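Next comes upload25.cif, with mmCIF, C-alpha atoms.
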data_upload
loop_
_atom_site.label_atom_id
_atom_site.label_comp_id
_atom_site.auth_asym_id
_atom_site.auth_seq_id
_atom_site.Cartn_x
_atom_site.Cartn_y
_atom_site.Cartn_z
CA MET A 1481 68.25 47.63 -63.23
CA THR A 1482 66.99 44.84 -65.47
CA ARG A 1483 63.80 42.87 -64.79
CA LEU A 1484 65.84 39.84 -63.81
CA GLN A 1485 67.87 41.85 -61.30
CA ALA A 1486 64.70 43.35 -59.81
CA ALA A 1487 63.24 39.86 -59.38
CA GLY A 1488 66.43 38.77 -57.64
CA VAL A 1489 66.28 41.71 -55.23
CA MET A 1490 62.65 40.88 -54.41
CA LEU A 1491 63.53 37.24 -53.70
CA VAL A 1492 66.35 38.27 -51.40
CA ALA A 1493 64.05 40.72 -49.56
CA LEU A 1494 61.36 38.05 -49.14
CA GLY A 1495 63.96 35.63 -47.84
CA LEU A 1496 65.10 38.14 -45.23
CA ILE A 1497 61.51 38.80 -44.14
CA TYR A 1498 60.78 35.09 -43.70
CA ALA A 1499 64.06 34.63 -41.84
CA LEU A 1500 63.11 37.41 -39.41
CA LEU A 1501 59.64 35.94 -38.91
CA TYR A 1502 61.12 32.51 -38.23
CA ALA A 1503 63.61 33.97 -35.77
CA GLY A 1504 60.77 35.73 -33.96
CA TRP A 1505 58.79 32.50 -33.78
CA LEU A 1506 61.79 30.67 -32.31
CA ARG A 1507 62.19 33.36 -29.66
CA ARG A 1508 58.52 33.00 -28.68
CA THR A 1509 58.76 29.22 -28.42
CA ARG A 1510 61.71 29.60 -26.04
CA ARG A 1511 60.14 32.36 -23.95
CA HIS A 1512 57.77 30.22 -21.86
CA PRO A 1513 59.20 26.68 -21.80
CA SER A 1514 57.59 25.82 -18.45
CA ALA A 1515 54.13 25.96 -20.02
CA ALA A 1516 54.79 22.72 -21.90
CA VAL A 1517 54.42 20.79 -18.63
CA VAL A 1518 50.65 20.48 -19.25
CA THR A 1519 50.90 19.05 -22.77
CA ARG A 1520 51.00 15.43 -23.87
CA GLU A 1521 50.28 13.22 -26.86
CA HIS A 1522 46.65 12.15 -27.20
CA ASP A 1523 46.34 8.63 -25.77
CA GLY A 1524 42.75 7.92 -26.79
CA THR A 1525 41.69 6.96 -23.27
CA PRO A 1526 37.88 6.79 -23.16
CA VAL A 1527 35.97 8.77 -20.54
CA PRO A 1528 33.99 6.47 -18.20
CA ASP A 1529 30.23 7.05 -18.43
CA GLY A 1530 28.85 9.29 -15.71
CA SER A 1531 32.22 10.11 -14.16
CA ALA A 1532 33.02 13.35 -15.99
CA VAL A 1533 31.64 16.55 -17.47
CA VAL A 1534 32.40 16.79 -21.19
CA ALA A 1535 31.90 19.76 -23.54
CA GLU A 1536 32.76 20.40 -27.18
CA GLY A 1537 33.96 23.78 -28.32
CA ILE A 1538 37.03 25.78 -29.31
CA TYR A 1539 40.40 25.87 -27.60
CA VAL A 1540 41.18 29.58 -27.78
CA SER A 1541 44.81 29.82 -26.65
CA THR A 1542 47.11 29.90 -23.64
CA THR A 1543 48.59 33.20 -22.53
CA THR A 1544 50.55 34.51 -19.59
CA ALA A 1545 48.39 35.60 -16.67
CA ARG A 1546 49.90 39.08 -16.88
CA SER A 1547 48.69 39.65 -20.44
CA ARG A 1548 45.74 38.14 -22.30
CA LEU A 1549 47.47 39.17 -25.55
CA GLU A 1550 50.79 37.37 -24.94
CA ARG A 1551 50.30 33.96 -26.49
CA VAL A 1552 52.43 31.04 -25.39
CA ALA A 1553 53.97 29.51 -28.51
CA VAL A 1554 55.65 26.46 -26.97
CA ALA A 1555 53.99 23.08 -27.79
CA GLY A 1556 51.40 24.80 -29.95
CA LEU A 1557 49.66 26.27 -26.90
CA GLY A 1558 48.97 29.49 -28.76
CA ASN A 1559 47.18 27.76 -31.65
CA ARG A 1560 43.40 27.95 -31.84
CA SER A 1561 41.63 24.67 -32.64
CA ARG A 1562 38.46 22.63 -32.21
CA ALA A 1563 38.58 20.78 -28.92
CA THR A 1564 36.77 18.76 -26.28
CA LEU A 1565 37.18 19.70 -22.63
CA THR A 1566 36.65 17.09 -19.91
CA VAL A 1567 36.48 17.64 -16.14
CA ARG A 1568 37.16 14.51 -14.09
CA ARG A 1569 36.45 15.29 -10.44
CA GLY A 1570 37.64 11.88 -9.30
CA ALA A 1571 41.00 12.10 -11.06
CA PRO A 1572 43.07 14.93 -9.53
CA GLU A 1573 46.06 14.29 -11.84
CA GLU A 1574 43.79 14.80 -14.88
CA LEU A 1575 41.23 17.19 -13.45
CA VAL A 1576 40.96 19.09 -16.75
CA THR A 1577 41.80 17.54 -20.11
CA ILE A 1578 41.48 19.45 -23.38
CA GLU A 1579 41.78 17.23 -26.45
CA ARG A 1580 42.74 19.49 -29.36
CA GLU A 1581 42.38 18.59 -33.02
CA GLY A 1582 45.81 18.45 -34.65
CA GLU A 1583 47.63 19.51 -31.48
CA LEU A 1584 48.88 18.04 -28.23
CA ASP A 1585 46.36 17.52 -25.45
CA VAL A 1586 46.35 19.96 -22.53
CA VAL A 1587 46.09 18.30 -19.10
CA ILE A 1588 45.78 20.48 -15.98
CA PRO A 1589 46.08 18.52 -12.70
CA ALA A 1590 44.09 19.73 -9.71
CA PRO A 1591 47.21 20.92 -7.80
CA ARG A 1592 48.11 23.28 -10.67
CA LEU A 1593 44.69 24.88 -11.14
CA THR A 1594 44.46 28.16 -9.22
CA ALA A 1595 41.32 29.91 -10.54
CA VAL A 1596 38.44 29.66 -12.99
CA ARG A 1597 36.46 32.54 -14.46
CA ARG A 1598 34.50 33.75 -17.45
CA ASP A 1599 35.92 36.41 -19.73
CA ARG A 1600 35.05 38.32 -22.88
CA GLY A 1601 38.23 37.37 -24.65
CA MET A 1602 41.93 36.68 -24.86
CA ALA A 1603 44.50 36.36 -27.64
CA GLY A 1604 42.81 34.38 -30.42
CA LYS A 1605 39.17 35.24 -29.65
CA PHE A 1606 37.19 38.26 -28.44
CA MET A 1607 33.44 38.35 -27.95
CA GLY A 1608 30.79 40.79 -26.80
CA ALA A 1609 29.90 38.81 -23.69
CA ASN A 1610 31.57 36.63 -21.07
CA ARG A 1611 31.49 33.33 -22.95
CA ILE A 1612 35.08 32.09 -22.61
CA LEU A 1613 36.02 29.80 -19.73
CA VAL A 1614 39.48 30.83 -18.53
CA LEU A 1615 41.51 28.35 -16.48
CA GLN A 1616 44.42 29.85 -14.55
CA TRP A 1617 47.20 27.45 -13.59
CA ARG A 1618 50.74 27.45 -12.24
CA ALA A 1619 53.83 25.81 -13.79
CA ASP A 1620 56.77 24.25 -11.95
CA ASP A 1621 58.74 27.50 -12.00
CA ASP A 1622 55.75 29.39 -10.46
CA ALA A 1623 54.95 31.10 -13.77
CA VAL A 1624 51.18 31.58 -14.04
CA TYR A 1625 49.35 30.93 -17.29
CA GLU A 1626 45.75 31.15 -18.50
CA THR A 1627 44.07 28.74 -20.92
CA GLY A 1628 40.84 29.70 -22.67
CA PHE A 1629 38.06 27.41 -23.86
CA LEU A 1630 34.87 28.49 -25.65
CA PRO A 1631 32.11 25.89 -25.18
CA ARG A 1632 29.77 25.36 -28.08
CA TYR A 1633 26.69 25.72 -25.87
CA ARG A 1634 26.01 28.21 -23.09
CA ALA A 1635 24.63 25.49 -20.83
CA ASP A 1636 27.94 23.62 -21.15
CA LEU A 1637 29.75 26.66 -19.78
CA GLU A 1638 27.61 26.53 -16.64
CA ARG A 1639 28.12 22.76 -16.31
CA LEU A 1640 31.90 23.12 -16.53
CA GLU A 1641 31.92 25.92 -13.97
CA SER A 1642 29.79 23.86 -11.60
CA ALA A 1643 32.18 20.91 -11.92
CA LEU A 1644 35.16 23.13 -11.01
CA TRP A 1645 33.72 25.31 -8.23
CA TRP A 1646 34.35 22.68 -5.56
CA HIS A 1647 38.07 22.78 -6.35
CA THR A 1648 38.70 26.52 -6.68
CA GLY A 1649 36.82 27.74 -3.62
CA GLY A 1650 33.30 28.52 -4.83
CA PRO A 1651 31.71 30.92 -7.32
CA ASP A 1652 31.96 34.00 -5.11
CA ASP A 1653 35.77 33.85 -5.23
CA ARG A 1654 35.81 34.33 -9.00
CA ARG A 1655 32.67 36.36 -9.61
CA VAL A 1656 32.92 38.75 -12.55
CA PRO A 1657 31.94 42.31 -11.57
CA ASP A 1658 28.26 42.96 -12.41
CA ALA A 1659 29.26 45.95 -14.53
CA LEU A 1660 30.97 43.60 -16.97
CA LEU A 1661 28.03 41.20 -17.27
CA GLY A 1662 25.36 41.36 -19.94
CA PRO A 1663 21.72 40.44 -19.28
CA ASP A 1664 22.36 36.78 -20.20
CA ASP A 1665 25.69 36.41 -18.42
CA HIS A 1666 25.51 34.86 -14.96
CA VAL A 1667 28.62 33.27 -13.52
CA ALA A 1668 26.63 31.13 -11.10
CA PRO A 1669 24.15 28.61 -12.54
CA ASP A 1670 20.56 29.59 -11.80
CA SER A 1671 18.65 26.50 -10.75
CA SER A 1672 15.35 28.40 -11.13
CA SER A 1673 15.70 28.74 -14.90
CA PRO A 1674 16.00 25.85 -17.37
CA HIS A 1675 19.14 25.35 -19.44
CA HIS A 1676 18.69 25.55 -23.18
CA GLU A 1677 21.05 23.13 -24.89
CA GLY A 1678 20.24 24.43 -28.36
CA ASN A 1679 21.85 27.88 -28.14
CA PRO A 1680 25.43 27.63 -29.41
CA THR A 1681 27.92 30.27 -28.33
CA ALA A 1682 30.05 29.95 -31.45
#

Representation of the structure as structure tokens:
Amino acid sequence: MTRLQAAGVMLVALGLIYALLYAGWLRRTRRHPSAAVVTREHDGTPVPDGSAVVAEGIYVSTTTARSRLERVAVAGLGNRSRATLTVRRGAPEELVTIEREGELDVVIPAPRLTAVRRDRGMAGKFMGANRILVLQWRADDDAVYETGFLPRYRADLERLESALWWHTGGPDDRRVPDALLGPDDHVAPDSSSPHHEGNPTA
């Protein structure tokens, strides 16, 4: 086999590999179409002062509730990105809004949100402590998904949880077992200790 023929074989093999990868990506985007119901184009609507809880951080990914490793590819929901999460208690149709850089916004209305918890990780990010806020929500076809957000500051994690407890039934309903918590990980905010805004989680 000449050098030119070998190069041709390599190009054909690479083409087949990319074709298989593309086919796999298409299958993933078609696997969970109902998840796209929470996505929309960013409209630039400003958040009224004092009416919301806002936190900067990282959008980790959206997965199925059955598996933290099964990313949802539709509408870029499996793509990690910088983001800002806003909780608007007075706006049930936009209770949670996650504005993602370079991606569609994620908007979870109050009727869709089913649970909120902390976790050590999910597809896209794993940590040594419970630092990721996981929002569990239900699509129109009753499929259940989980969306992860990693706040930049630990105190922001507590603020977001506090803003959502009223809707999901209280902290005791979603308490992480004590065996999984580190010395600094408390699901419920402790009013007896001050929050330190200067300790980033990521």

Name the residues that the PyMOL selection byres ((chain A and resi 1636) around 9) picks from the file above, as a PyMOL selection string, using the file's chain letters and numbers.
chain A and resi 1533-1536+1631-1635+1637-1641+1677

Counting only C-alpha atoms, what is within 10 Å of Ala1590 of chain A, bar same-chain residues fewer than 4 positions away, as a PyMOL selection string?
chain A and resi 1568-1569+1571-1576+1594+1617+1644+1647-1648

Any chance you could resolve the PyMOL selection byres ((chain A and resi 1563) around 8) against this file and give the residues as a list in words?
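That selection, the PyMOL selection byres ((chain A and resi 1563) around 8), comes back as Glu1536, Gly1537, Ile1538, Tyr1539, Ser1561, Arg1562, Thr1564, Leu1565, Ile1578, Glu1579, Arg1580 and Glu1581 of chain A.
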
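One finds atom CA of Val1540 of chain A at 7.7 Å from atom CA of Met1602 of chain A.
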
Given the file above and the PyMOL selection byres ((chain A and resi 1520) around 10), which residues are selected, and can you give them as a PyMOL selection string?
chain A and resi 1516-1519+1521-1523+1555+1579+1583-1587

Separating atom CA of Met1490 of chain A from atom CA of Ala1553 of chain A, to the nearest tenth of an Å, is a gap of 29.6 Å

To test the calculation: enclose all listed atoms of segment 1547-1554 of chain A in a box whose edges run along x, y and z, add 4 Å on each side, then state centre and edge lengths in Å to one decimal, as AutoDock Vina command-line options.
--center_x 50.7 --center_y 33.1 --center_z -24.5 --size_x 17.9 --size_y 21.2 --size_z 16.1

Proximity to Gly1558 of chain A - best of A:Ala1487, A:Leu1630, A:Ala1515, A:Ile1612, all atoms listed in the file:
A:Ala1515

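The interatomic distance for the pair atom CA of Glu1550 of chain A and atom CA of Gly1495 of chain A works out to 26.5 Å.
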
Identify, on the basis of all atoms listed in the file, every residue whose closest approach to Arg1548 of chain A does not exceed 12 Å; exclude the query and any residue fewer than 3 positions from it along the same chain; express the result as a list in words.
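Counting all atoms listed in the file, the residues come to Val1540, Ser1541, Thr1542, Thr1543, Thr1544, Ala1545, Arg1551, Val1552, Gly1558, Asp1599, Arg1600, Gly1601, Met1602, Ala1603, Gly1604, Lys1605, Phe1606, Val1614, Gln1616, Val1624, Tyr1625, Glu1626, Thr1627 and Gly1628 of chain A.
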
Residue completion, segment 1597-1626 of chain A, N, CA and C atoms, as a PDB file, in the coordinates of the input:
ATOM      1  N   ARG A1597      37.362  31.406 -14.287  1.00  0.00           N
ATOM      2  CA  ARG A1597      36.460  32.540 -14.460  1.00  0.00           C
ATOM      3  C   ARG A1597      35.938  32.579 -15.895  1.00  0.00           C
ATOM      4  N   ARG A1598      34.946  33.435 -16.094  1.00  0.00           N
ATOM      5  CA  ARG A1598      34.500  33.750 -17.450  1.00  0.00           C
ATOM      6  C   ARG A1598      35.161  35.046 -17.902  1.00  0.00           C
ATOM      7  N   ASP A1599      35.344  35.176 -19.218  1.00  0.00           N
ATOM      8  CA  ASP A1599      35.920  36.410 -19.730  1.00  0.00           C
ATOM      9  C   ASP A1599      35.368  36.684 -21.123  1.00  0.00           C
ATOM     10  N   ARG A1600      35.500  37.941 -21.544  1.00  0.00           N
ATOM     11  CA  ARG A1600      35.050  38.320 -22.880  1.00  0.00           C
ATOM     12  C   ARG A1600      36.014  37.896 -23.965  1.00  0.00           C
ATOM     13  N   GLY A1601      37.293  37.741 -23.614  1.00  0.00           N
ATOM     14  CA  GLY A1601      38.230  37.370 -24.650  1.00  0.00           C
ATOM     15  C   GLY A1601      39.661  37.277 -24.167  1.00  0.00           C
ATOM     16  N   MET A1602      40.494  36.770 -25.072  1.00  0.00           N
ATOM     17  CA  MET A1602      41.930  36.680 -24.860  1.00  0.00           C
ATOM     18  C   MET A1602      42.545  36.540 -26.246  1.00  0.00           C
ATOM     19  N   ALA A1603      43.846  36.455 -26.333  1.00  0.00           N
ATOM     20  CA  ALA A1603      44.500  36.360 -27.640  1.00  0.00           C
ATOM     21  C   ALA A1603      43.919  35.177 -28.410  1.00  0.00           C
ATOM     22  N   GLY A1604      43.382  35.439 -29.599  1.00  0.00           N
ATOM     23  CA  GLY A1604      42.810  34.380 -30.420  1.00  0.00           C
ATOM     24  C   GLY A1604      41.304  34.466 -30.541  1.00  0.00           C
ATOM     25  N   LYS A1605      40.621  35.151 -29.592  1.00  0.00           N
ATOM     26  CA  LYS A1605      39.170  35.240 -29.650  1.00  0.00           C
ATOM     27  C   LYS A1605      38.665  36.327 -28.724  1.00  0.00           C
ATOM     28  N   PHE A1606      37.834  37.239 -29.260  1.00  0.00           N
ATOM     29  CA  PHE A1606      37.190  38.260 -28.440  1.00  0.00           C
ATOM     30  C   PHE A1606      35.715  38.292 -28.798  1.00  0.00           C
ATOM     31  N   MET A1607      34.870  38.396 -27.761  1.00  0.00           N
ATOM     32  CA  MET A1607      33.440  38.350 -27.950  1.00  0.00           C
ATOM     33  C   MET A1607      32.789  39.522 -27.219  1.00  0.00           C
ATOM     34  N   GLY A1608      31.490  39.700 -27.436  1.00  0.00           N
ATOM     35  CA  GLY A1608      30.790  40.790 -26.800  1.00  0.00           C
ATOM     36  C   GLY A1608      30.254  40.465 -25.421  1.00  0.00           C
ATOM     37  N   ALA A1609      30.404  39.221 -25.004  1.00  0.00           N
ATOM     38  CA  ALA A1609      29.900  38.810 -23.690  1.00  0.00           C
ATOM     39  C   ALA A1609      30.875  37.819 -23.070  1.00  0.00           C
ATOM     40  N   ASN A1610      30.664  37.540 -21.795  1.00  0.00           N
ATOM     41  CA  ASN A1610      31.570  36.630 -21.070  1.00  0.00           C
ATOM     42  C   ASN A1610      31.226  35.185 -21.413  1.00  0.00           C
ATOM     43  N   ARG A1611      31.802  34.671 -22.483  1.00  0.00           N
ATOM     44  CA  ARG A1611      31.490  33.330 -22.950  1.00  0.00           C
ATOM     45  C   ARG A1611      32.695  32.380 -22.893  1.00  0.00           C
ATOM     46  N   ILE A1612      33.871  32.915 -22.603  1.00  0.00           N
ATOM     47  CA  ILE A1612      35.080  32.090 -22.610  1.00  0.00           C
ATOM     48  C   ILE A1612      35.408  31.645 -21.184  1.00  0.00           C
ATOM     49  N   LEU A1613      35.594  30.347 -21.016  1.00  0.00           N
ATOM     50  CA  LEU A1613      36.020  29.800 -19.730  1.00  0.00           C
ATOM     51  C   LEU A1613      37.537  29.899 -19.658  1.00  0.00           C
ATOM     52  N   VAL A1614      38.045  30.624 -18.681  1.00  0.00           N
ATOM     53  CA  VAL A1614      39.480  30.830 -18.530  1.00  0.00           C
ATOM     54  C   VAL A1614      39.976  30.048 -17.311  1.00  0.00           C
ATOM     55  N   LEU A1615      40.920  29.159 -17.542  1.00  0.00           N
ATOM     56  CA  LEU A1615      41.510  28.350 -16.480  1.00  0.00           C
ATOM     57  C   LEU A1615      42.902  28.909 -16.173  1.00  0.00           C
ATOM     58  N   GLN A1616      43.103  29.338 -14.959  1.00  0.00           N
ATOM     59  CA  GLN A1616      44.420  29.850 -14.550  1.00  0.00           C
ATOM     60  C   GLN A1616      45.160  28.746 -13.819  1.00  0.00           C
ATOM     61  N   TRP A1617      46.425  28.524 -14.195  1.00  0.00           N
ATOM     62  CA  TRP A1617      47.200  27.450 -13.590  1.00  0.00           C
ATOM     63  C   TRP A1617      48.658  27.852 -13.440  1.00  0.00           C
ATOM     64  N   ARG A1618      49.360  27.100 -12.597  1.00  0.00           N
ATOM     65  CA  ARG A1618      50.740  27.450 -12.240  1.00  0.00           C
ATOM     66  C   ARG A1618      51.698  26.348 -12.706  1.00  0.00           C
ATOM     67  N   ALA A1619      52.809  26.747 -13.330  1.00  0.00           N
ATOM     68  CA  ALA A1619      53.830  25.810 -13.790  1.00  0.00           C
ATOM     69  C   ALA A1619      54.837  25.524 -12.675  1.00  0.00           C
ATOM     70  N   ASP A1620      55.790  24.648 -12.959  1.00  0.00           N
ATOM     71  CA  ASP A1620      56.770  24.250 -11.950  1.00  0.00           C
ATOM     72  C   ASP A1620      57.654  25.400 -11.481  1.00  0.00           C
ATOM     73  N   ASP A1621      57.880  26.372 -12.372  1.00  0.00           N
ATOM     74  CA  ASP A1621      58.740  27.500 -12.000  1.00  0.00           C
ATOM     75  C   ASP A1621      57.945  28.668 -11.424  1.00  0.00           C
ATOM     76  N   ASP A1622      56.665  28.399 -11.044  1.00  0.00           N
ATOM     77  CA  ASP A1622      55.750  29.390 -10.460  1.00  0.00           C
ATOM     78  C   ASP A1622      55.259  30.417 -11.461  1.00  0.00           C
ATOM     79  N   ALA A1623      55.552  30.244 -12.743  1.00  0.00           N
ATOM     80  CA  ALA A1623      54.950  31.100 -13.770  1.00  0.00           C
ATOM     81  C   ALA A1623      53.462  30.760 -13.850  1.00  0.00           C
ATOM     82  N   VAL A1624      52.628  31.780 -14.007  1.00  0.00           N
ATOM     83  CA  VAL A1624      51.180  31.580 -14.040  1.00  0.00           C
ATOM     84  C   VAL A1624      50.671  31.826 -15.456  1.00  0.00           C
ATOM     85  N   TYR A1625      49.891  30.873 -15.944  1.00  0.00           N
ATOM     86  CA  TYR A1625      49.350  30.930 -17.290  1.00  0.00           C
ATOM     87  C   TYR A1625      47.832  30.847 -17.259  1.00  0.00           C
ATOM     88  N   GLU A1626      47.203  31.238 -18.377  1.00  0.00           N
ATOM     89  CA  GLU A1626      45.750  31.150 -18.500  1.00  0.00           C
ATOM     90  C   GLU A1626      45.396  30.478 -19.816  1.00  0.00           C
TER      91      GLU A1626
END
